[in-house]
Amino acid sequence: MSTNGKTASLRPPNKSEQPRETDTTKLARLISAYAPHDGVFELRIPGVHASRLSRFNRECVHTLRLPCLSIIAQGAKTIVVGQEVYEYDPSRMLVYSVALPVAAQVTQASYSEPYLALRLDLEPQKIAELVLKVYPHGLPPVQERSAVYITPVDLSIVSAAIRLMECLAQPGDAELLAPLVVDEILIRLLRSPIGVRVAQMGFAESSVHRVAKAISWLRANFSQPVKVEELAELVHMSVSSFHEHFKSVTSMSPLHFQKVLRLQEARRLMLSTMMDAGTASQRVGYLSASQFSREYSRFFGSAPTRDIARLRQDNPGVTA
């Protein structure tokens with residue numbers, strides 16, 4: 001066909017010439033489908049959660065994060081653990097190896113491009129089971145101990161995460177195939193640059209596992225008086241070794257860790273049950289209301305009553 005002396009091609013465009021959807025973009029689209037509005041959504045696959053937030057947090061959201069792998073498909077987030085600050089986005093994955101009280105802040109999100117993330121809970125027993133397959137001759141020595149690891153995103157893990165999300169659309173796949181894909185993700189994580197460190201959470205004699213045991217006790221008994229000597233004895237470590245390992249892993253001392261748990265729980269009680277500050281402080285183990293008010297103000301930035309009044313006016317941010 002000729003127009004104005006020029007030949008116009010009627011050849012349909014080659015599919016290979018069309019812009020391809022990247023794996024990260026595809027994962028974001030799938031997460032968006034199962035997180036239709038702002039919030040955290042527990043999916044039909046056990047231990048898998050999808051998160052969405054359409055605006056960035058103006059301040060940190062305090063929460064307790066359990067061991068998990070977190071993959072951001074769109075947006076960005078900052079995590080504060082003790083004095084340590086971690087930033088991640090679609091180019092980096094984050095792993096929590098123990099339960100931790102954290103301050104989280106979504107730093108990149110909008111209504112047109114919301115923050116979208118996928119979280120996979122990590123079970124020490126399952127990790128230990130797979131470690132025997134990935135490292136049949138034993139784990140290489142590792143010096144670094146930490147509760148949080150950041151590593152460049154592994155595209156094979158993103159690809160597996162896509163297939164995991166796709167299982168939700170097919171009858172029976174979530175029950176039959178999803179567990180196999182979860183194992184694949186965990187195996188690929190164990191084979192990644194941080195794999196040896198992640199593997200520590202599955203070994204009873206590792207320092208990370210021992211610290212996790214102490215954290216489990218603190219979470220169950222945070223309102224009770226605690227002595228570091230008794231915690232050290234619980235995990236079969238000397239007091240000095242336990243204190244050093246606990247702070248190395250969590251970036252906090254055991255007593256500071258307990259205080260953060262208490263303050264977070266008191267805030268939750270006041271916010272969700274309309275409990276007054278005095279009752280909440282006693283419920284979480286404080287004997288002095290003035291001490292509670294001082295420590296609460298120092299940690300959250302304002303006095304309990306003022307802080308809760310402000311939180312009730314604002315929409316709480318997503319924490320996954």
# chains A, B, ... in the order shown; residues from 1 in each chain; ligands from 1

$ select_by_dssp --residues "range 129-282 of chain A" --states "strand (DSSP E)" --output "PyMOL selection string"
chain A and resi 148-152

$ residues_around --residues "Thr63 in chain A" --least-positions-apart "5" --cutoff "9 Å" --atoms "only C-alpha atoms" --output "list in words"
Leu100, Pro101, Val102, Ala103, Ala104, Gln264 and Thr319 of chain A

$ write_last_selection --atoms "N, CA, C and O atoms" --output "PDB file, in the first residue's frame"
ATOM      1  N   LEU A 100      10.940  -9.809  66.332  1.00  0.00           N
ATOM      2  CA  LEU A 100      11.529  -8.523  66.696  1.00  0.00           C
ATOM      3  C   LEU A 100      10.488  -7.422  66.792  1.00  0.00           C
ATOM      4  O   LEU A 100       9.616  -7.318  65.935  1.00  0.00           O
ATOM      5  N   PRO A 101      10.593  -6.556  67.818  1.00  0.00           N
ATOM      6  CA  PRO A 101       9.796  -5.332  67.799  1.00  0.00           C
ATOM      7  C   PRO A 101      10.506  -4.328  66.895  1.00  0.00           C
ATOM      8  O   PRO A 101      11.691  -4.027  67.086  1.00  0.00           O
ATOM      9  N   VAL A 102       9.825  -3.837  65.888  1.00  0.00           N
ATOM     10  CA  VAL A 102      10.462  -2.951  64.913  1.00  0.00           C
ATOM     11  C   VAL A 102       9.630  -1.689  64.718  1.00  0.00           C
ATOM     12  O   VAL A 102       8.443  -1.638  65.060  1.00  0.00           O
ATOM     13  N   ALA A 103      10.279  -0.679  64.163  1.00  0.00           N
ATOM     14  CA  ALA A 103       9.594   0.533  63.717  1.00  0.00           C
ATOM     15  C   ALA A 103       9.695   0.543  62.199  1.00  0.00           C
ATOM     16  O   ALA A 103      10.798   0.535  61.646  1.00  0.00           O
ATOM     17  N   ALA A 104       8.558   0.511  61.516  1.00  0.00           N
ATOM     18  CA  ALA A 104       8.539   0.401  60.052  1.00  0.00           C
ATOM     19  C   ALA A 104       7.931   1.650  59.436  1.00  0.00           C
ATOM     20  O   ALA A 104       6.978   2.225  59.977  1.00  0.00           O
ATOM     21  N   GLN A 264       4.886  -1.445  73.360  1.00  0.00           N
ATOM     22  CA  GLN A 264       4.069  -1.744  72.185  1.00  0.00           C
ATOM     23  C   GLN A 264       2.731  -2.358  72.585  1.00  0.00           C
ATOM     24  O   GLN A 264       1.684  -2.029  72.027  1.00  0.00           O
ATOM     25  N   THR A 319       1.863  -2.645  58.115  1.00  0.00           N
ATOM     26  CA  THR A 319       3.085  -3.023  58.831  1.00  0.00           C
ATOM     27  C   THR A 319       3.706  -4.297  58.305  1.00  0.00           C
ATOM     28  O   THR A 319       4.518  -4.913  58.978  1.00  0.00           O
TER      29      THR A 319
END

$ atom_distance --atom1 "CA of Arg58 in chain A" --atom2 "CA of Ser110 in chain A"
12.8 Å

$ closest_residue --among "A:Ala178, A:Leu231, A:Ile127, A:Leu255" --to "Arg197 in chain A" --atoms "only C-alpha atoms"
A:Ile127

$ residues_around --residues "Asp121 in chain A" --least-positions-apart "2" --cutoff "7 Å" --atoms "only C-alpha atoms" --output "MDAnalysis selection string"
chainID A and resid 47:48 67:69 119 123

$ write_last_selection --atoms "all heavy atoms" --output "PDB file, in the first residue's frame"
ATOM      1  N   GLY A  47       0.797 -18.986  55.923  1.00  0.00           N
ATOM      2  CA  GLY A  47       2.054 -18.272  56.112  1.00  0.00           C
ATOM      3  C   GLY A  47       2.378 -17.253  55.044  1.00  0.00           C
ATOM      4  O   GLY A  47       3.467 -16.669  55.058  1.00  0.00           O
ATOM      5  N   VAL A  48       1.456 -17.014  54.105  1.00  0.00           N
ATOM      6  CA  VAL A  48       1.697 -16.063  53.019  1.00  0.00           C
ATOM      7  C   VAL A  48       0.743 -14.874  53.176  1.00  0.00           C
ATOM      8  O   VAL A  48      -0.461 -15.058  53.338  1.00  0.00           O
ATOM      9  CB  VAL A  48       1.514 -16.714  51.636  1.00  0.00           C
ATOM     10  CG1 VAL A  48       1.783 -15.701  50.523  1.00  0.00           C
ATOM     11  CG2 VAL A  48       2.456 -17.906  51.491  1.00  0.00           C
ATOM     12  N   PRO A  67       9.621 -14.126  62.354  1.00  0.00           N
ATOM     13  CA  PRO A  67      10.573 -14.529  61.301  1.00  0.00           C
ATOM     14  C   PRO A  67       9.876 -14.664  59.947  1.00  0.00           C
ATOM     15  O   PRO A  67       8.828 -15.312  59.836  1.00  0.00           O
ATOM     16  CB  PRO A  67      11.081 -15.889  61.795  1.00  0.00           C
ATOM     17  CG  PRO A  67      10.959 -15.814  63.279  1.00  0.00           C
ATOM     18  CD  PRO A  67       9.701 -15.024  63.527  1.00  0.00           C
ATOM     19  N   CYS A  68      10.443 -14.034  58.926  1.00  0.00           N
ATOM     20  CA  CYS A  68       9.799 -14.060  57.616  1.00  0.00           C
ATOM     21  C   CYS A  68      10.754 -13.579  56.533  1.00  0.00           C
ATOM     22  O   CYS A  68      11.808 -13.000  56.811  1.00  0.00           O
ATOM     23  CB  CYS A  68       8.547 -13.183  57.607  1.00  0.00           C
ATOM     24  SG  CYS A  68       8.885 -11.422  57.841  1.00  0.00           S
ATOM     25  N   LEU A  69      10.359 -13.836  55.291  1.00  0.00           N
ATOM     26  CA  LEU A  69      10.997 -13.269  54.105  1.00  0.00           C
ATOM     27  C   LEU A  69      10.038 -12.234  53.545  1.00  0.00           C
ATOM     28  O   LEU A  69       8.860 -12.511  53.360  1.00  0.00           O
ATOM     29  CB  LEU A  69      11.249 -14.368  53.060  1.00  0.00           C
ATOM     30  CG  LEU A  69      11.569 -13.895  51.625  1.00  0.00           C
ATOM     31  CD1 LEU A  69      12.907 -13.170  51.577  1.00  0.00           C
ATOM     32  CD2 LEU A  69      11.559 -15.082  50.657  1.00  0.00           C
ATOM     33  N   ARG A 119       4.824 -11.343  51.935  1.00  0.00           N
ATOM     34  CA  ARG A 119       5.552 -11.822  53.110  1.00  0.00           C
ATOM     35  C   ARG A 119       5.333 -13.322  53.271  1.00  0.00           C
ATOM     36  O   ARG A 119       4.190 -13.802  53.218  1.00  0.00           O
ATOM     37  CB  ARG A 119       5.067 -11.093  54.360  1.00  0.00           C
ATOM     38  CG  ARG A 119       5.917 -11.380  55.595  1.00  0.00           C
ATOM     39  CD  ARG A 119       5.421 -10.595  56.797  1.00  0.00           C
ATOM     40  NE  ARG A 119       4.366 -11.281  57.507  1.00  0.00           N
ATOM     41  CZ  ARG A 119       3.233 -10.732  57.894  1.00  0.00           C
ATOM     42  NH1 ARG A 119       2.950  -9.489  57.564  1.00  0.00           N
ATOM     43  NH2 ARG A 119       2.341 -11.431  58.575  1.00  0.00           N
ATOM     44  N   GLU A 123       9.473 -20.850  59.309  1.00  0.00           N
ATOM     45  CA  GLU A 123       9.369 -21.736  60.461  1.00  0.00           C
ATOM     46  C   GLU A 123      10.708 -22.432  60.682  1.00  0.00           C
ATOM     47  O   GLU A 123      11.214 -23.114  59.779  1.00  0.00           O
ATOM     48  CB  GLU A 123       8.282 -22.783  60.238  1.00  0.00           C
ATOM     49  CG  GLU A 123       6.885 -22.205  60.069  1.00  0.00           C
ATOM     50  CD  GLU A 123       5.840 -23.280  59.855  1.00  0.00           C
ATOM     51  OE1 GLU A 123       6.194 -24.482  59.980  1.00  0.00           O
ATOM     52  OE2 GLU A 123       4.687 -22.936  59.564  1.00  0.00           O
TER      53      GLU A 123
END

$ atom_distance --atom1 "CA of Val106 in chain A" --atom2 "CA of Phe56 in chain A"
5.1 Å

$ closest_residue --among "A:Ile45, A:Ile308, A:Val131, A:Ala33" --to "Ala174 in chain A" --atoms "only C-alpha atoms"
A:Ile45

$ closest_residue --among "A:Lys247, A:Arg283, A:Arg191, A:Arg29" --to "Glu265 in chain A" --atoms "only C-alpha atoms"
A:Arg283

$ closest_residue --among "A:Tyr96, A:Tyr86, A:Phe292, A:Tyr115" --to "Gly39 in chain A" --atoms "only C-alpha atoms"
A:Tyr115

$ select_by_dssp --residues "range 6-137 of chain A" --states "helix (DSSP H, G or I)" --output "list in words"
Lys15, Ser16, Glu17, Asp23, Thr24, Thr25, Lys26, Leu27, Ala28, Arg29, Leu30, Ile31, Ser32, Ala33, Tyr34, Pro124, Gln125, Lys126, Ile127, Ala128, Glu129, Leu130, Val131, Leu132, Lys133 and Val134 of chain A

$ write_last_selection --atoms "N, CA and C atoms" --output "PDB file, in the first residue's frame"
ATOM      1  N   LYS A  15       5.509  -9.837  18.290  1.00  0.00           N
ATOM      2  CA  LYS A  15       5.264  -9.884  19.735  1.00  0.00           C
ATOM      3  C   LYS A  15       6.535  -9.654  20.542  1.00  0.00           C
ATOM      4  N   SER A  16       7.663 -10.103  19.977  1.00  0.00           N
ATOM      5  CA  SER A  16       8.925  -9.934  20.694  1.00  0.00           C
ATOM      6  C   SER A  16       9.329  -8.474  20.767  1.00  0.00           C
ATOM      7  N   GLU A  17       8.714  -7.631  19.903  1.00  0.00           N
ATOM      8  CA  GLU A  17       9.046  -6.216  19.909  1.00  0.00           C
ATOM      9  C   GLU A  17       8.211  -5.453  20.938  1.00  0.00           C
ATOM     10  N   ASP A  23       9.260  -9.574  35.755  1.00  0.00           N
ATOM     11  CA  ASP A  23       8.773 -10.429  36.832  1.00  0.00           C
ATOM     12  C   ASP A  23       8.303  -9.598  38.018  1.00  0.00           C
ATOM     13  N   THR A  24       9.044  -8.536  38.341  1.00  0.00           N
ATOM     14  CA  THR A  24       8.655  -7.700  39.477  1.00  0.00           C
ATOM     15  C   THR A  24       7.312  -7.029  39.217  1.00  0.00           C
ATOM     16  N   THR A  25       7.106  -6.550  37.984  1.00  0.00           N
ATOM     17  CA  THR A  25       5.840  -5.922  37.623  1.00  0.00           C
ATOM     18  C   THR A  25       4.696  -6.931  37.687  1.00  0.00           C
ATOM     19  N   LYS A  26       4.962  -8.146  37.231  1.00  0.00           N
ATOM     20  CA  LYS A  26       3.940  -9.193  37.266  1.00  0.00           C
ATOM     21  C   LYS A  26       3.585  -9.557  38.705  1.00  0.00           C
ATOM     22  N   LEU A  27       4.611  -9.642  39.567  1.00  0.00           N
ATOM     23  CA  LEU A  27       4.350  -9.945  40.973  1.00  0.00           C
ATOM     24  C   LEU A  27       3.525  -8.827  41.602  1.00  0.00           C
ATOM     25  N   ALA A  28       3.841  -7.582  41.262  1.00  0.00           N
ATOM     26  CA  ALA A  28       3.083  -6.446  41.781  1.00  0.00           C
ATOM     27  C   ALA A  28       1.618  -6.541  41.351  1.00  0.00           C
ATOM     28  N   ARG A  29       1.383  -6.915  40.104  1.00  0.00           N
ATOM     29  CA  ARG A  29       0.014  -7.030  39.604  1.00  0.00           C
ATOM     30  C   ARG A  29      -0.755  -8.116  40.361  1.00  0.00           C
ATOM     31  N   LEU A  30      -0.100  -9.248  40.619  1.00  0.00           N
ATOM     32  CA  LEU A  30      -0.755 -10.338  41.340  1.00  0.00           C
ATOM     33  C   LEU A  30      -1.042  -9.953  42.791  1.00  0.00           C
ATOM     34  N   ILE A  31      -0.071  -9.296  43.441  1.00  0.00           N
ATOM     35  CA  ILE A  31      -0.288  -8.853  44.815  1.00  0.00           C
ATOM     36  C   ILE A  31      -1.457  -7.882  44.874  1.00  0.00           C
ATOM     37  N   SER A  32      -1.512  -6.965  43.907  1.00  0.00           N
ATOM     38  CA  SER A  32      -2.583  -5.972  43.868  1.00  0.00           C
ATOM     39  C   SER A  32      -3.949  -6.633  43.766  1.00  0.00           C
ATOM     40  N   ALA A  33      -4.020  -7.746  43.037  1.00  0.00           N
ATOM     41  CA  ALA A  33      -5.293  -8.452  42.866  1.00  0.00           C
ATOM     42  C   ALA A  33      -5.785  -9.050  44.177  1.00  0.00           C
ATOM     43  N   TYR A  34      -4.856  -9.488  45.020  1.00  0.00           N
ATOM     44  CA  TYR A  34      -5.237 -10.125  46.283  1.00  0.00           C
ATOM     45  C   TYR A  34      -5.147  -9.169  47.476  1.00  0.00           C
ATOM     46  N   PRO A 124      11.303 -22.286  61.877  1.00  0.00           N
ATOM     47  CA  PRO A 124      12.608 -22.904  62.152  1.00  0.00           C
ATOM     48  C   PRO A 124      12.644 -24.399  61.855  1.00  0.00           C
ATOM     49  N   GLN A 125      11.547 -25.112  62.146  1.00  0.00           N
ATOM     50  CA  GLN A 125      11.515 -26.560  61.912  1.00  0.00           C
ATOM     51  C   GLN A 125      11.630 -26.878  60.425  1.00  0.00           C
ATOM     52  N   LYS A 126      10.919 -26.110  59.588  1.00  0.00           N
ATOM     53  CA  LYS A 126      10.996 -26.320  58.146  1.00  0.00           C
ATOM     54  C   LYS A 126      12.376 -25.935  57.617  1.00  0.00           C
ATOM     55  N   ILE A 127      12.942 -24.853  58.140  1.00  0.00           N
ATOM     56  CA  ILE A 127      14.290 -24.440  57.744  1.00  0.00           C
ATOM     57  C   ILE A 127      15.288 -25.548  58.063  1.00  0.00           C
ATOM     58  N   ALA A 128      15.197 -26.109  59.260  1.00  0.00           N
ATOM     59  CA  ALA A 128      16.115 -27.167  59.665  1.00  0.00           C
ATOM     60  C   ALA A 128      15.994 -28.385  58.753  1.00  0.00           C
ATOM     61  N   GLU A 129      14.768 -28.707  58.379  1.00  0.00           N
ATOM     62  CA  GLU A 129      14.523 -29.858  57.497  1.00  0.00           C
ATOM     63  C   GLU A 129      15.185 -29.659  56.129  1.00  0.00           C
ATOM     64  N   LEU A 130      15.062 -28.459  55.580  1.00  0.00           N
ATOM     65  CA  LEU A 130      15.617 -28.183  54.256  1.00  0.00           C
ATOM     66  C   LEU A 130      17.123 -27.971  54.293  1.00  0.00           C
ATOM     67  N   VAL A 131      17.635 -27.490  55.419  1.00  0.00           N
ATOM     68  CA  VAL A 131      19.090 -27.294  55.544  1.00  0.00           C
ATOM     69  C   VAL A 131      19.825 -28.618  55.347  1.00  0.00           C
ATOM     70  N   LEU A 132      19.236 -29.702  55.850  1.00  0.00           N
ATOM     71  CA  LEU A 132      19.871 -31.018  55.703  1.00  0.00           C
ATOM     72  C   LEU A 132      19.991 -31.419  54.241  1.00  0.00           C
ATOM     73  N   LYS A 133      19.087 -30.922  53.391  1.00  0.00           N
ATOM     74  CA  LYS A 133      19.154 -31.223  51.963  1.00  0.00           C
ATOM     75  C   LYS A 133      20.093 -30.271  51.233  1.00  0.00           C
ATOM     76  N   VAL A 134      20.056 -29.004  51.609  1.00  0.00           N
ATOM     77  CA  VAL A 134      20.878 -28.001  50.926  1.00  0.00           C
ATOM     78  C   VAL A 134      22.344 -28.117  51.342  1.00  0.00           C
TER      79      VAL A 134
END

$ closest_atom_pairs --of "range 192-230 of chain A" --to "range 147-156 of chain A" --cutoff "8 Å" --atoms "only C-alpha atoms" --output "CSV"
residue,atom,partner,partner_atom,distance
A:Ser192,CA,A:Asp154,CA,7.8
A:Pro193,CA,A:Thr151,CA,7.4
A:Ile194,CA,A:Thr151,CA,7.0
A:Val208,CA,A:Ala147,CA,7.8

$ write_last_selection --atoms "all heavy atoms" --output "PDB file, in the first residue's frame"
ATOM      1  N   SER A 192      21.181 -18.783  48.718  1.00  0.00           N
ATOM      2  CA  SER A 192      21.534 -17.404  48.386  1.00  0.00           C
ATOM      3  C   SER A 192      22.739 -16.953  49.223  1.00  0.00           C
ATOM      4  O   SER A 192      23.187 -17.679  50.113  1.00  0.00           O
ATOM      5  CB  SER A 192      20.339 -16.484  48.669  1.00  0.00           C
ATOM      6  OG  SER A 192      20.181 -16.284  50.070  1.00  0.00           O
ATOM      7  N   PRO A 193      23.272 -15.756  48.964  1.00  0.00           N
ATOM      8  CA  PRO A 193      24.423 -15.260  49.731  1.00  0.00           C
ATOM      9  C   PRO A 193      24.189 -15.194  51.240  1.00  0.00           C
ATOM     10  O   PRO A 193      25.144 -15.253  52.009  1.00  0.00           O
ATOM     11  CB  PRO A 193      24.660 -13.862  49.139  1.00  0.00           C
ATOM     12  CG  PRO A 193      24.158 -13.966  47.733  1.00  0.00           C
ATOM     13  CD  PRO A 193      22.969 -14.869  47.809  1.00  0.00           C
ATOM     14  N   ILE A 194      22.929 -15.061  51.688  1.00  0.00           N
ATOM     15  CA  ILE A 194      22.661 -15.019  53.130  1.00  0.00           C
ATOM     16  C   ILE A 194      22.151 -16.359  53.647  1.00  0.00           C
ATOM     17  O   ILE A 194      21.752 -16.480  54.799  1.00  0.00           O
ATOM     18  CB  ILE A 194      21.645 -13.913  53.477  1.00  0.00           C
ATOM     19  CG1 ILE A 194      20.293 -14.180  52.796  1.00  0.00           C
ATOM     20  CG2 ILE A 194      22.186 -12.540  53.114  1.00  0.00           C
ATOM     21  CD1 ILE A 194      19.182 -13.263  53.295  1.00  0.00           C
ATOM     22  N   VAL A 208      21.764 -17.874  67.163  1.00  0.00           N
ATOM     23  CA  VAL A 208      20.515 -17.269  66.717  1.00  0.00           C
ATOM     24  C   VAL A 208      19.321 -18.037  67.274  1.00  0.00           C
ATOM     25  O   VAL A 208      18.341 -17.449  67.740  1.00  0.00           O
ATOM     26  CB  VAL A 208      20.448 -17.216  65.173  1.00  0.00           C
ATOM     27  CG1 VAL A 208      19.056 -16.793  64.701  1.00  0.00           C
ATOM     28  CG2 VAL A 208      21.492 -16.254  64.626  1.00  0.00           C
TER      29      VAL A 208
END

$ residues_around --residues "Tyr296 in chain A" --least-positions-apart "5" --cutoff "7 Å" --atoms "only C-alpha atoms" --output "CSV table (one decimal) with C-alpha atoms, in the first residue's frame"
chain,number,residue,atom,x,y,z
A,263,LEU,CA,5.3,-0.3,75.5
A,303,ALA,CA,2.5,11.2,76.2
A,304,PRO,CA,0.2,8.2,76.2

$ closest_residue --among "A:Ala199, A:Trp217, A:Leu118, A:Glu175" --to "Leu261 in chain A" --atoms "only C-alpha atoms"
A:Trp217

$ atom_distance --atom1 "CA of Val81 in chain A" --atom2 "CA of Arg298 in chain A"
16.0 Å

$ residues_around --residues "Arg52 in chain A" --least-positions-apart "3" --cutoff "8 Å" --atoms "only C-alpha atoms" --output "list of chain:residue names"
A:Ser32, A:Ala35, A:Pro36, A:His37, A:Asp38, A:Gly39, A:Val40, A:Pro114, A:Tyr115, A:Leu116, A:Ala117, A:Val318

$ decode --residues "range 155-164 of chain A" --atoms "all heavy atoms" --output "mmCIF file, in the first residue's frame"
data_model
loop_
_atom_site.group_PDB
_atom_site.id
_atom_site.type_symbol
_atom_site.label_atom_id
_atom_site.label_comp_id
_atom_site.auth_asym_id
_atom_site.auth_seq_id
_atom_site.Cartn_x
_atom_site.Cartn_y
_atom_site.Cartn_z
ATOM 1 N N LEU A 155 16.075 -13.128 41.399
ATOM 2 C CA LEU A 155 14.996 -13.213 40.410
ATOM 3 C C LEU A 155 14.354 -14.592 40.368
ATOM 4 O O LEU A 155 13.178 -14.724 40.036
ATOM 5 C CB LEU A 155 15.526 -12.817 39.029
ATOM 6 C CG LEU A 155 15.941 -11.348 38.892
ATOM 7 C CD1 LEU A 155 16.436 -11.063 37.488
ATOM 8 C CD2 LEU A 155 14.773 -10.421 39.243
ATOM 9 N N SER A 156 15.120 -15.630 40.720
ATOM 10 C CA SER A 156 14.524 -16.970 40.751
ATOM 11 C C SER A 156 13.511 -17.078 41.889
ATOM 12 O O SER A 156 12.516 -17.800 41.778
ATOM 13 C CB SER A 156 15.616 -18.039 40.905
ATOM 14 O OG SER A 156 16.296 -17.904 42.143
ATOM 15 N N ILE A 157 13.748 -16.353 42.985
ATOM 16 C CA ILE A 157 12.786 -16.332 44.087
ATOM 17 C C ILE A 157 11.552 -15.531 43.694
ATOM 18 O O ILE A 157 10.418 -15.912 43.995
ATOM 19 C CB ILE A 157 13.437 -15.762 45.366
ATOM 20 C CG1 ILE A 157 14.468 -16.763 45.917
ATOM 21 C CG2 ILE A 157 12.382 -15.449 46.433
ATOM 22 C CD1 ILE A 157 15.180 -16.306 47.176
ATOM 23 N N VAL A 158 11.749 -14.420 42.979
ATOM 24 C CA VAL A 158 10.619 -13.632 42.491
ATOM 25 C C VAL A 158 9.774 -14.464 41.537
ATOM 26 O O VAL A 158 8.535 -14.464 41.604
ATOM 27 C CB VAL A 158 11.110 -12.345 41.789
ATOM 28 C CG1 VAL A 158 9.942 -11.614 41.137
ATOM 29 C CG2 VAL A 158 11.815 -11.434 42.784
ATOM 30 N N SER A 159 10.435 -15.227 40.648
ATOM 31 C CA SER A 159 9.717 -16.090 39.710
ATOM 32 C C SER A 159 8.895 -17.139 40.453
ATOM 33 O O SER A 159 7.740 -17.406 40.111
ATOM 34 C CB SER A 159 10.710 -16.771 38.762
ATOM 35 O OG SER A 159 10.054 -17.683 37.902
ATOM 36 N N ALA A 160 9.502 -17.717 41.505
ATOM 37 C CA ALA A 160 8.770 -18.708 42.300
ATOM 38 C C ALA A 160 7.608 -18.052 43.051
ATOM 39 O O ALA A 160 6.531 -18.646 43.191
ATOM 40 C CB ALA A 160 9.722 -19.391 43.283
ATOM 41 N N ALA A 161 7.813 -16.817 43.521
ATOM 42 C CA ALA A 161 6.745 -16.099 44.220
ATOM 43 C C ALA A 161 5.558 -15.848 43.287
ATOM 44 O O ALA A 161 4.400 -15.916 43.712
ATOM 45 C CB ALA A 161 7.277 -14.781 44.771
ATOM 46 N N ILE A 162 5.852 -15.583 42.011
ATOM 47 C CA ILE A 162 4.783 -15.407 41.019
ATOM 48 C C ILE A 162 3.983 -16.702 40.887
ATOM 49 O O ILE A 162 2.746 -16.699 40.901
ATOM 50 C CB ILE A 162 5.372 -14.995 39.659
ATOM 51 C CG1 ILE A 162 5.902 -13.561 39.729
ATOM 52 C CG2 ILE A 162 4.328 -15.121 38.544
ATOM 53 C CD1 ILE A 162 6.695 -13.145 38.505
ATOM 54 N N ARG A 163 4.694 -17.813 40.763
ATOM 55 C CA ARG A 163 3.999 -19.104 40.638
ATOM 56 C C ARG A 163 3.206 -19.434 41.901
ATOM 57 O O ARG A 163 2.139 -20.044 41.843
ATOM 58 C CB ARG A 163 5.005 -20.209 40.329
ATOM 59 C CG ARG A 163 5.476 -20.175 38.870
ATOM 60 C CD ARG A 163 6.416 -21.303 38.533
ATOM 61 N NE ARG A 163 7.781 -20.985 38.910
ATOM 62 C CZ ARG A 163 8.463 -21.574 39.870
ATOM 63 N NH1 ARG A 163 7.879 -22.539 40.587
ATOM 64 N NH2 ARG A 163 9.713 -21.231 40.151
ATOM 65 N N LEU A 164 3.725 -19.002 43.055
ATOM 66 C CA LEU A 164 3.009 -19.213 44.310
ATOM 67 C C LEU A 164 1.687 -18.444 44.299
ATOM 68 O O LEU A 164 0.642 -18.995 44.658
ATOM 69 C CB LEU A 164 3.884 -18.745 45.482
ATOM 70 C CG LEU A 164 3.326 -18.991 46.891
ATOM 71 C CD1 LEU A 164 3.245 -20.490 47.167
ATOM 72 C CD2 LEU A 164 4.208 -18.310 47.939
#
